[in-house]
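S.K.: Contents of protein.tsv (TSV, C-alpha atoms) are below:
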chain	number	residue	atom	x	y	z
X	1	MET	CA	140.46	114.00	103.02
X	2	SER	CA	139.28	110.64	101.78
X	3	ASP	CA	141.84	108.86	103.96
X	4	HIS	CA	140.82	110.85	107.02
X	5	GLU	CA	137.16	110.10	106.33
X	6	GLU	CA	137.79	106.36	106.11
X	7	ASN	CA	139.75	106.31	109.35
X	8	SER	CA	137.18	108.21	111.33
X	9	SER	CA	134.13	106.52	109.84
X	10	PRO	CA	133.71	103.80	112.52
X	11	LYS	CA	133.41	106.46	115.22
X	12	ILE	CA	130.86	108.39	113.19
X	13	HIS	CA	128.80	105.24	112.77
X	14	VAL	CA	128.75	104.58	116.49
X	15	GLN	CA	127.63	108.11	117.30
X	16	THR	CA	124.95	108.53	114.64
X	17	PRO	CA	121.51	107.07	115.33
X	18	PRO	CA	120.67	103.77	113.53
X	19	MET	CA	118.36	105.48	111.01
X	20	ALA	CA	121.15	107.63	109.52
X	21	ALA	CA	123.87	104.97	109.19
X	22	PRO	CA	123.22	103.52	105.69
X	23	SER	CA	123.17	106.91	103.91
X	24	GLY	CA	126.53	107.88	105.42
X	25	ASN	CA	127.81	104.46	104.48
X	26	SER	CA	126.96	104.39	100.79
X	27	ARG	CA	130.30	105.75	99.54
X	28	THR	CA	132.41	103.09	101.31
X	29	PRO	CA	131.19	99.64	100.17
X	30	ALA	CA	134.02	97.91	102.08
X	31	MET	CA	132.43	99.08	105.34
X	32	ASP	CA	129.24	97.10	104.62
X	33	SER	CA	130.79	93.88	105.84
X	34	SER	CA	132.24	95.37	109.04
X	35	GLY	CA	130.79	94.53	112.44
X	36	VAL	CA	129.42	97.96	113.34
X	37	ALA	CA	127.55	98.54	110.08
X	38	GLY	CA	126.15	94.99	110.21
X	39	VAL	CA	124.84	95.44	113.74
X	40	LEU	CA	123.33	98.82	112.89
X	41	ARG	CA	121.65	97.39	109.81
X	42	ARG	CA	120.24	94.54	111.90
X	43	TRP	CA	118.93	96.96	114.55
X	44	LYS	CA	117.27	99.05	111.88
X	45	ARG	CA	115.65	95.97	110.30
X	46	GLU	CA	114.40	94.69	113.66
X	47	ASP	CA	113.00	98.09	114.56
X	48	PHE	CA	111.21	98.27	111.20
X	49	MET	CA	109.81	94.75	111.69
X	50	LYS	CA	108.60	95.50	115.20
X	51	ARG	CA	106.69	98.56	114.02
X	52	GLY	CA	105.51	96.71	110.88
X	53	SER	CA	103.94	93.85	112.80
X	54	PHE	CA	102.41	96.32	115.28
X	55	GLY	CA	100.78	98.27	112.46
X	56	LEU	CA	99.58	95.14	110.67
X	57	ARG	CA	97.90	93.74	113.80
X	58	GLY	CA	96.23	97.09	114.42
X	59	ILE	CA	94.83	97.15	110.87
X	60	ALA	CA	93.75	93.50	111.16
X	61	PHE	CA	91.96	94.42	114.41
X	62	LEU	CA	90.00	97.19	112.65
X	63	PHE	CA	89.06	94.96	109.70
X	64	SER	CA	87.92	92.02	111.83
X	65	LEU	CA	85.96	94.36	114.10
X	66	ILE	CA	84.12	95.82	111.07
X	67	SER	CA	83.51	92.30	109.73
X	68	PHE	CA	82.08	91.24	113.11
X	69	ILE	CA	79.79	94.30	113.40
X	70	VAL	CA	78.52	94.10	109.81
X	71	MET	CA	77.76	90.38	110.09
X	72	ALA	CA	76.19	90.63	113.56
X	73	SER	CA	73.79	93.37	112.39
X	74	ASN	CA	72.83	91.42	109.26
X	75	LYS	CA	69.25	90.58	110.28
X	76	HIS	CA	66.46	91.62	107.93
X	77	GLY	CA	63.65	89.20	108.84
X	78	ASP	CA	62.35	86.01	107.17
X	79	TRP	CA	65.13	83.97	105.48
X	80	ARG	CA	67.39	87.01	105.47
X	81	GLU	CA	68.93	86.45	108.92
X	82	PHE	CA	72.57	85.51	109.24
X	83	ASP	CA	71.99	83.09	112.14
X	84	LYS	CA	69.96	80.72	109.95
X	85	TYR	CA	73.16	79.75	108.06
X	86	GLU	CA	76.04	77.96	109.75
X	87	GLU	CA	78.61	79.45	107.32
X	88	TYR	CA	77.71	82.97	108.45
X	89	ARG	CA	77.71	81.94	112.11
X	90	TYR	CA	81.20	80.48	111.53
X	91	LEU	CA	82.38	83.72	109.89
X	92	LEU	CA	80.99	85.72	112.83
X	93	ALA	CA	82.66	83.46	115.40
X	94	ILE	CA	86.05	83.69	113.68
X	95	ALA	CA	85.71	87.48	113.26
X	96	ILE	CA	85.07	87.78	117.02
X	97	LEU	CA	88.03	85.49	117.80
X	98	SER	CA	90.27	87.47	115.45
X	99	SER	CA	89.14	90.81	116.98
X	100	LEU	CA	89.91	89.51	120.48
X	101	TYR	CA	93.33	88.15	119.47
X	102	THR	CA	94.50	91.15	117.43
X	103	GLY	CA	93.01	93.58	119.98
X	104	GLY	CA	94.83	91.83	122.81
X	105	GLN	CA	98.11	91.78	120.89
X	106	THR	CA	97.83	95.48	119.98
X	107	PHE	CA	97.02	96.34	123.61
X	108	ARG	CA	100.04	94.34	124.80
X	109	GLN	CA	102.35	96.04	122.29
X	110	VAL	CA	101.07	99.54	123.12
X	111	ARG	CA	101.62	98.81	126.82
X	112	GLU	CA	105.14	97.54	126.13
X	113	PHE	CA	105.98	100.65	124.09
X	114	SER	CA	104.68	103.03	126.77
X	115	THR	CA	105.97	101.37	129.95
X	116	GLY	CA	109.02	99.66	128.43
X	117	LYS	CA	108.16	96.57	130.52
X	118	GLN	CA	107.72	93.16	128.85
X	119	LEU	CA	104.62	91.18	129.83
X	120	LEU	CA	106.06	87.88	128.52
X	121	LYS	CA	109.60	86.59	128.12
X	122	PRO	CA	110.95	87.50	124.63
X	123	ARG	CA	111.14	83.86	123.45
X	124	MET	CA	107.67	83.06	124.78
X	125	ALA	CA	106.27	86.26	123.21
X	126	ALA	CA	107.79	85.37	119.81
X	127	MET	CA	106.18	81.91	119.92
X	128	VAL	CA	102.76	83.26	120.97
X	129	ASP	CA	102.99	85.89	118.19
X	130	PHE	CA	103.91	83.42	115.47
X	131	PHE	CA	101.55	80.54	116.29
X	132	GLY	CA	98.71	82.94	117.09
X	133	ASP	CA	99.06	84.89	113.81
X	134	GLN	CA	99.39	81.73	111.73
X	135	PHE	CA	96.46	79.98	113.42
X	136	ILE	CA	94.08	82.97	113.14
X	137	ALA	CA	95.12	83.47	109.48
X	138	TYR	CA	94.18	79.86	108.68
X	139	LEU	CA	90.86	80.23	110.54
X	140	LEU	CA	90.03	83.47	108.69
X	141	ILE	CA	90.72	82.08	105.20
X	142	SER	CA	88.70	78.97	106.10
X	143	SER	CA	85.66	80.95	107.29
X	144	VAL	CA	85.85	83.27	104.28
X	145	SER	CA	85.91	80.38	101.80
X	146	SER	CA	82.87	78.67	103.26
X	147	ALA	CA	80.87	81.92	103.43
X	148	VAL	CA	81.86	82.93	99.87
X	149	SER	CA	80.41	79.81	98.29
X	150	LEU	CA	77.07	80.21	100.14
X	151	THR	CA	76.81	83.90	99.22
X	152	ASN	CA	77.61	83.13	95.57
X	153	ARG	CA	74.84	80.55	95.48
X	154	MET	CA	72.34	82.98	97.05
X	155	ARG	CA	73.15	85.81	94.66
X	156	GLU	CA	72.24	83.60	91.71
X	157	GLY	CA	68.62	83.77	92.95
X	158	ALA	CA	68.29	87.13	94.69
X	159	ASP	CA	70.52	90.18	95.13
X	160	ASN	CA	69.41	92.25	98.10
X	161	ILE	CA	70.63	94.03	101.23
X	162	PHE	CA	71.22	90.70	103.00
X	163	THR	CA	73.62	89.30	100.39
X	164	ASP	CA	75.34	92.69	100.05
X	165	SER	CA	75.99	92.94	103.79
X	166	SER	CA	77.33	89.37	103.79
X	167	ALA	CA	79.67	90.23	100.92
X	168	ALA	CA	80.89	93.30	102.83
X	169	ALA	CA	81.63	91.25	105.96
X	170	ILE	CA	83.45	88.66	103.84
X	171	SER	CA	85.64	91.33	102.20
X	172	MET	CA	86.61	92.76	105.58
X	173	SER	CA	87.59	89.27	106.77
X	174	ILE	CA	89.72	88.83	103.62
X	175	PHE	CA	91.59	92.08	104.37
X	176	ALA	CA	92.12	90.97	107.98
X	177	PHE	CA	93.47	87.65	106.68
X	178	MET	CA	95.97	89.43	104.40
X	179	CYS	CA	97.31	91.57	107.24
X	180	LEU	CA	97.67	88.56	109.55
X	181	ALA	CA	99.35	86.45	106.84
X	182	VAL	CA	102.05	89.11	106.39
X	183	SER	CA	102.29	89.55	110.17
X	184	ALA	CA	102.81	85.77	110.52
X	185	LEU	CA	105.77	85.97	108.09
X	186	ILE	CA	107.35	88.73	110.19
X	187	SER	CA	106.72	86.84	113.47
X	188	GLY	CA	108.20	83.69	111.94
X	189	TYR	CA	111.35	85.63	111.12
X	190	LYS	CA	111.49	87.01	114.66
X	191	LEU	CA	110.93	83.57	116.19
X	192	SER	CA	113.84	82.04	114.34
X	193	THR	CA	116.25	84.84	115.19
X	194	GLN	CA	115.37	84.36	118.88
X	195	SER	CA	117.22	81.01	118.98
X	196	TYR	CA	120.60	82.64	118.39
X	197	ILE	CA	120.51	85.26	121.14
R	1	MET	CA	140.50	60.25	135.66
R	2	SER	CA	137.83	62.93	135.58
R	3	ASP	CA	140.45	65.59	134.89
R	4	HIS	CA	141.93	63.61	132.01
R	5	GLU	CA	138.49	63.07	130.52
R	6	GLU	CA	137.71	66.78	130.58
R	7	ASN	CA	140.97	67.70	128.89
R	8	SER	CA	140.58	65.24	126.05
R	9	SER	CA	136.90	65.86	125.48
R	10	PRO	CA	137.27	68.54	122.73
R	11	LYS	CA	139.29	66.09	120.59
R	12	ILE	CA	136.72	63.34	121.04
R	13	HIS	CA	133.99	65.69	119.95
R	14	VAL	CA	135.77	66.62	116.77
R	15	GLN	CA	136.40	63.04	115.78
R	16	THR	CA	132.94	61.57	116.54
R	17	PRO	CA	130.20	62.00	113.94
R	18	PRO	CA	127.60	64.72	114.62
R	19	MET	CA	124.95	62.20	115.70
R	20	ALA	CA	126.97	60.96	118.70
R	21	ALA	CA	128.13	64.31	120.07
R	22	PRO	CA	125.24	65.27	122.43
R	23	SER	CA	125.26	61.92	124.29
R	24	GLY	CA	129.00	62.13	124.93
R	25	ASN	CA	128.49	65.73	126.00
R	26	SER	CA	125.86	65.29	128.66
R	27	ARG	CA	128.24	64.98	131.61
R	28	THR	CA	130.04	68.29	130.89
R	29	PRO	CA	127.45	71.09	130.77
R	30	ALA	CA	130.16	73.74	130.42
R	31	MET	CA	130.99	72.34	126.97
R	32	ASP	CA	127.48	73.07	125.64
R	33	SER	CA	128.28	76.72	125.08
R	34	SER	CA	131.59	76.01	123.29
R	35	GLY	CA	131.96	76.59	119.54
R	36	VAL	CA	132.39	72.98	118.44
R	37	ALA	CA	129.38	71.60	120.29
R	38	GLY	CA	127.24	74.51	119.09
R	39	VAL	CA	128.18	73.97	115.46
R	40	LEU	CA	127.61	70.22	115.72
R	41	ARG	CA	124.20	70.78	117.33
R	42	ARG	CA	123.30	73.20	114.55
R	43	TRP	CA	124.40	70.73	111.84
R	44	LYS	CA	122.32	68.00	113.44
R	45	ARG	CA	119.26	70.25	113.65
R	46	GLU	CA	119.61	71.37	110.02
R	47	ASP	CA	120.03	67.79	108.83
R	48	PHE	CA	116.91	66.75	110.75
R	49	MET	CA	114.96	69.68	109.28
R	50	LYS	CA	116.07	68.91	105.73
R	51	ARG	CA	114.87	65.31	106.01
R	52	GLY	CA	111.75	66.41	107.89
R	53	SER	CA	110.59	68.79	105.17
R	54	PHE	CA	111.47	66.20	102.50
R	55	GLY	CA	109.30	63.56	104.21
R	56	LEU	CA	106.43	65.98	104.81
R	57	ARG	CA	106.31	67.07	101.16
R	58	GLY	CA	106.36	63.43	100.06
R	59	ILE	CA	103.40	62.61	102.33
R	60	ALA	CA	101.56	65.75	101.19
R	61	PHE	CA	102.12	64.62	97.59
R	62	LEU	CA	100.51	61.22	98.30
R	63	PHE	CA	97.54	62.75	100.10
R	64	SER	CA	96.82	65.36	97.45
R	65	LEU	CA	97.18	62.75	94.70
R	66	ILE	CA	94.60	60.52	96.43
R	67	SER	CA	92.31	63.53	96.92
R	68	PHE	CA	92.62	64.39	93.22
R	69	ILE	CA	91.91	60.81	92.05
R	70	VAL	CA	88.97	60.27	94.42
R	71	MET	CA	87.34	63.56	93.44
R	72	ALA	CA	87.99	63.15	89.69
R	73	SER	CA	86.34	59.69	89.69
R	74	ASN	CA	83.33	60.94	91.67
R	75	LYS	CA	80.78	60.69	88.85
R	76	HIS	CA	77.65	58.61	89.48
R	77	GLY	CA	75.13	60.06	87.04
R	78	ASP	CA	72.22	62.52	87.45
R	79	TRP	CA	72.89	65.19	90.16
R	80	ARG	CA	75.66	63.03	91.63
R	81	GLU	CA	78.49	64.36	89.45
R	82	PHE	CA	81.24	66.44	91.00
R	83	ASP	CA	81.52	68.81	88.00
R	84	LYS	CA	78.04	70.21	88.61
R	85	TYR	CA	79.26	71.95	91.79
R	86	GLU	CA	81.87	74.71	91.69
R	87	GLU	CA	83.09	73.89	95.23
R	88	TYR	CA	84.10	70.39	94.12
R	89	ARG	CA	85.70	71.70	90.93
R	90	TYR	CA	87.69	74.13	93.12
R	91	LEU	CA	88.78	71.29	95.42
R	92	LEU	CA	89.86	69.23	92.40
R	93	ALA	CA	91.81	72.13	90.88
R	94	ILE	CA	93.67	72.82	94.12
R	95	ALA	CA	94.37	69.10	94.66
R	96	ILE	CA	95.94	68.96	91.16
R	97	LEU	CA	97.97	72.12	91.85
R	98	SER	CA	99.14	70.75	95.19
R	99	SER	CA	100.09	67.39	93.60
R	100	LEU	CA	102.13	69.16	90.93
R	101	TYR	CA	103.87	71.44	93.44
R	102	THR	CA	104.68	68.78	96.06
R	103	GLY	CA	105.61	66.25	93.35
R	104	GLY	CA	107.98	68.74	91.74
R	105	GLN	CA	109.55	69.64	95.08
R	106	THR	CA	110.01	65.97	96.04
R	107	PHE	CA	111.55	65.24	92.63
R	108	ARG	CA	113.93	68.18	93.02
R	109	GLN	CA	114.98	67.09	96.51
R	110	VAL	CA	115.50	63.45	95.46
R	111	ARG	CA	117.64	64.66	92.56
R	112	GLU	CA	119.67	66.92	94.85
R	113	PHE	CA	120.25	64.05	97.31
R	114	SER	CA	121.35	61.63	94.57
R	115	THR	CA	123.53	63.91	92.40
R	116	GLY	CA	124.61	66.35	95.15
R	117	LYS	CA	124.04	69.18	92.66
R	118	GLN	CA	121.74	72.13	93.51
R	119	LEU	CA	119.19	73.10	90.87
R	120	LEU	CA	118.60	76.53	92.43
R	121	LYS	CA	120.80	78.83	94.51
R	122	PRO	CA	120.31	78.10	98.26
R	123	ARG	CA	118.70	81.47	99.04
R	124	MET	CA	116.39	81.26	96.01
R	125	ALA	CA	115.48	77.65	96.89
R	126	ALA	CA	114.62	78.63	100.48
R	127	MET	CA	112.33	81.41	99.23
R	128	VAL	CA	110.58	79.16	96.68
R	129	ASP	CA	110.13	76.50	99.39
R	130	PHE	CA	108.67	78.88	101.94
R	131	PHE	CA	106.33	80.93	99.76
R	132	GLY	CA	105.24	77.82	97.82
R	133	ASP	CA	104.41	75.82	100.95
R	134	GLN	CA	102.59	78.70	102.58
R	135	PHE	CA	100.60	79.58	99.47
R	136	ILE	CA	99.52	75.99	98.74
R	137	ALA	CA	98.60	75.51	102.42
R	138	TYR	CA	96.29	78.54	102.28
R	139	LEU	CA	94.74	77.32	99.01
R	140	LEU	CA	94.15	73.82	100.43
R	141	ILE	CA	92.42	75.03	103.62
R	142	SER	CA	90.32	77.41	101.52
R	143	SER	CA	89.15	74.69	99.08
R	144	VAL	CA	88.47	72.28	101.96
R	145	SER	CA	86.31	74.81	103.83
R	146	SER	CA	84.13	75.61	100.83
R	147	ALA	CA	83.66	71.91	99.95
R	148	VAL	CA	82.89	70.93	103.57
R	149	SER	CA	79.93	73.29	103.86
R	150	LEU	CA	78.39	72.02	100.59
R	151	THR	CA	78.86	68.36	101.58
R	152	ASN	CA	77.35	69.01	105.01
R	153	ARG	CA	74.28	70.56	103.41
R	154	MET	CA	73.91	67.60	100.99
R	155	ARG	CA	74.19	64.97	103.70
R	156	GLU	CA	71.23	66.49	105.53
R	157	GLY	CA	69.08	65.30	102.60
R	158	ALA	CA	70.77	62.19	101.25
R	159	ASP	CA	73.73	60.07	102.32
R	160	ASN	CA	75.05	58.02	99.40
R	161	ILE	CA	78.22	57.03	97.56
R	162	PHE	CA	78.56	60.52	96.05
R	163	THR	CA	78.66	62.37	99.38
R	164	ASP	CA	80.90	59.67	100.88
R	165	SER	CA	83.46	60.01	98.09
R	166	SER	CA	83.40	63.79	98.46
R	167	ALA	CA	84.00	63.45	102.19
R	168	ALA	CA	86.95	61.10	101.50
R	169	ALA	CA	88.52	63.57	99.05
R	170	ILE	CA	88.03	66.39	101.56
R	171	SER	CA	89.75	64.41	104.35
R	172	MET	CA	92.73	63.69	102.11
R	173	SER	CA	93.04	67.40	101.30
R	174	ILE	CA	92.94	68.19	105.04
R	175	PHE	CA	95.84	65.78	105.69
R	176	ALA	CA	97.80	67.33	102.81
R	177	PHE	CA	97.14	70.78	104.32
R	178	MET	CA	98.48	69.66	107.71
R	179	CYS	CA	101.71	68.32	106.20
R	180	LEU	CA	102.24	71.50	104.17
R	181	ALA	CA	101.49	73.76	107.14
R	182	VAL	CA	104.24	72.05	109.19
R	183	SER	CA	106.55	72.08	106.16
R	184	ALA	CA	105.96	75.84	105.78
R	185	LEU	CA	107.08	76.35	109.40
R	186	ILE	CA	110.32	74.44	108.70
R	187	SER	CA	110.93	76.33	105.44
R	188	GLY	CA	110.30	79.64	107.23
R	189	TYR	CA	112.98	78.73	109.73
R	190	LYS	CA	115.38	77.79	106.92
R	191	LEU	CA	114.64	81.01	105.02
R	192	SER	CA	115.50	83.22	107.97
R	193	THR	CA	118.76	81.40	108.76
R	194	GLN	CA	119.83	81.94	105.13
R	195	SER	CA	120.28	85.69	105.71
R	196	TYR	CA	123.18	85.19	108.10
R	197	ILE	CA	125.36	82.89	105.97
Show this structure as structure tokens.
M.R.:
Amino acid sequence: MSDHEENSSPKIHVQTPPMAAPSGNSRTPAMDSSGVAGVLRRWKREDFMKRGSFGLRGIAFLFSLISFIVMASNKHGDWREFDKYEEYRYLLAIAILSSLYTGGQTFRQVREFSTGKQLLKPRMAAMVDFFGDQFIAYLLISSVSSAVSLTNRMREGADNIFTDSSAAAISMSIFAFMCLAVSALISGYKLSTQSYI
Amino acid sequence: MSDHEENSSPKIHVQTPPMAAPSGNSRTPAMDSSGVAGVLRRWKREDFMKRGSFGLRGIAFLFSLISFIVMASNKHGDWREFDKYEEYRYLLAIAILSSLYTGGQTFRQVREFSTGKQLLKPRMAAMVDFFGDQFIAYLLISSVSSAVSLTNRMREGADNIFTDSSAAAISMSIFAFMCLAVSALISGYKLSTQSYI
């Protein structure tokens, strides 16, 4: 029985879908280093990464959109208007940029999933993904840091709806930064595997 | 003559050092996809990357050390003392952290070059390199952004030796950030090639 199972296992692996392969494989550790199991594991990992980076960009899009809306509506008259402070204008500009970038990327990925047609060449797409994610992540953390120090200074004097809205917009930008930082890691992995295809 | 050259070319490639292989290879494009040339090209690229990331960390170490010294000696009495502003204290703290990290990494790499002995396992070292570089790069850009907005605001009122020294320290931190950002790209590439060895 055991002998028969070992002999037929490569065929089973080929016929089962990628998701089911590792569980059927757990009793035969020697199979782990074989070609078929390795390829299946790699497919599964790449599929997971593709969906992971898609989800992360979608979440980053939501967070930067909220940050943009909260900051843009942060006008309460007198000194409590966001456009009197360059740090808040910077945060708003980067939130808009990040919304456009992550929105565009999500749109492109949804279109690729539905039509199965690639808008860019795979290598080109991997480079755009990686440099875009990394660049927007650096911009977001930079805008957040400058806005945080101004808000901190203001809250020492007064704590009102203006400073609270600013703090909310800053938090949303921080969440968007976190999603994009993880997405940049995944895109960096994808970029470097591209070279060997 | 041409036929003889093509037949003997694989032997020539094996005997020449990796640096000379691509120039001797340029007349026979069919050889580019062969195993030997591919391995030699990969060795050359990895060697270049190893030295590249070593040089970049060394330069980042110098820049963050200068930033740390300039900011720490920025005390000119009255309101012109760096430790009265949390943004400058933050910049100083991150410059110290970055000096320690890049100094430690450079020391480790120099020691590995001279003794040929690895302090960490290759996979572990690649992970420490990548996450360290990326994390310090984010910290540096964050501290720079918060210090820039404070310095800008101060220079609207007064432009003296205190604001000039702050601006110098900020510039040095920006250069250190640039070196570490490029180094993080290289380490990310190295980390992802580790999985396939």
S.K.: Identify, on the basis of only C-alpha atoms, every residue whose closest approach to Asp133 (chain X) does not exceed 9 Å; exclude the query and any residue fewer than 6 positions from it along the same chain; express the result as a PyMOL selection string.
M.R.: chain X and resi 57+101-102+180-181+183-185+187
S.K.: Enumerate as a ChimeraX atom specification the residues belonging to chain X that approach chain R to within 7 Å, with all atoms listed in the file taken into account.
M.R.: /X:138,141-142,145-146,149,188-189,192
S.K.: Keeping only C-alpha atoms, write the selected residues to a file as a PDB file, in the coordinates of the input.
M.R.:
ATOM      1  CA  TYR X 138      94.180  79.860 108.680  1.00  0.00           C
ATOM      2  CA  ILE X 141      90.720  82.080 105.200  1.00  0.00           C
ATOM      3  CA  SER X 142      88.700  78.970 106.100  1.00  0.00           C
ATOM      4  CA  SER X 145      85.910  80.380 101.800  1.00  0.00           C
ATOM      5  CA  SER X 146      82.870  78.670 103.260  1.00  0.00           C
ATOM      6  CA  SER X 149      80.410  79.810  98.290  1.00  0.00           C
ATOM      7  CA  GLY X 188     108.200  83.690 111.940  1.00  0.00           C
ATOM      8  CA  TYR X 189     111.350  85.630 111.120  1.00  0.00           C
ATOM      9  CA  SER X 192     113.840  82.040 114.340  1.00  0.00           C
TER      10      SER X 192
END
S.K.: Of the candidates R:Tyr88, R:Phe107, R:Phe175, R:Trp43, which one gets nearest to Leu65 (chain R) if we count only C-alpha atoms?
M.R.: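 With only C-alpha atoms as the atom set, the closest residue is R:Phe175.
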S.K.: Kindly give the distance, in Å, that separates CA of Phe177 (chain X) and CA of Phe135 (chain R), rounded to a single decimal.
M.R.: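 Straight-line distance from CA of Phe177 (chain X) to CA of Phe135 (chain R) works out to 13.0 Å.
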S.K.: CA of Asn74 (chain R) and CA of Ser165 (chain R) are how many Å apart?
M.R.: 6.5 Å
S.K.: Please determine, counting only C-alpha atoms, which residue among R:Val128, R:Ile186, R:Ile94, R:Cys179 has the shortest atom-to-atom distance to Gly58 (chain R).
M.R.: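 Looking at the shortest contact to Gly58 (chain R), the residue is R:Cys179.
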S.K.: Draw an axis-aligned box tight on the listed atoms of region 108-118 of chain R, then pad every side by 4 Å and write out centre and edge lengths in Å to one decimal as lines of an AutoDock Vina configuration file.
M.R.:
center_x = 119.3
center_y = 66.9
center_z = 94.9
size_x = 18.7
size_y = 18.5
size_z = 12.9
S.K.: Between R:Lys117, R:Lys50, R:Met172, R:Ser67, which residue has the minimum interatomic distance to Asp129 (chain R), considering only C-alpha atoms?
M.R.: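 The shortest atom-to-atom distance to Asp129 (chain R) comes from R:Lys50.
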S.K.: Quote the spacing between CA of Gly55 (chain R) and CA of Thr106 (chain R) in Å to one decimal place.
M.R.: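 About the pair CA of Gly55 (chain R) and CA of Thr106 (chain R): they are 8.5 Å apart.
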S.K.: Residues at most 12 Å from Gly103 (chain X), counting only C-alpha atoms, excluding those fewer than 3 positions away in the same chain, as a list in words?
M.R.: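 My list of contacting residues is Phe54, Gly55, Leu56, Arg57, Gly58, Ile59, Ala60, Phe61, Leu62, Phe63, Ser64, Leu65, Ala95, Ile96, Leu97, Ser98, Ser99, Leu100, Thr106, Phe107, Arg108, Gln109 and Val110 of chain X.
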S.K.: Smallest atom-to-atom distance to Phe68 (chain X): which of X:Ala176, X:Leu92, X:Val39, X:Val182, using all atoms listed in the file?
M.R.: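 So, comparing all the options, the nearest one is X:Leu92.
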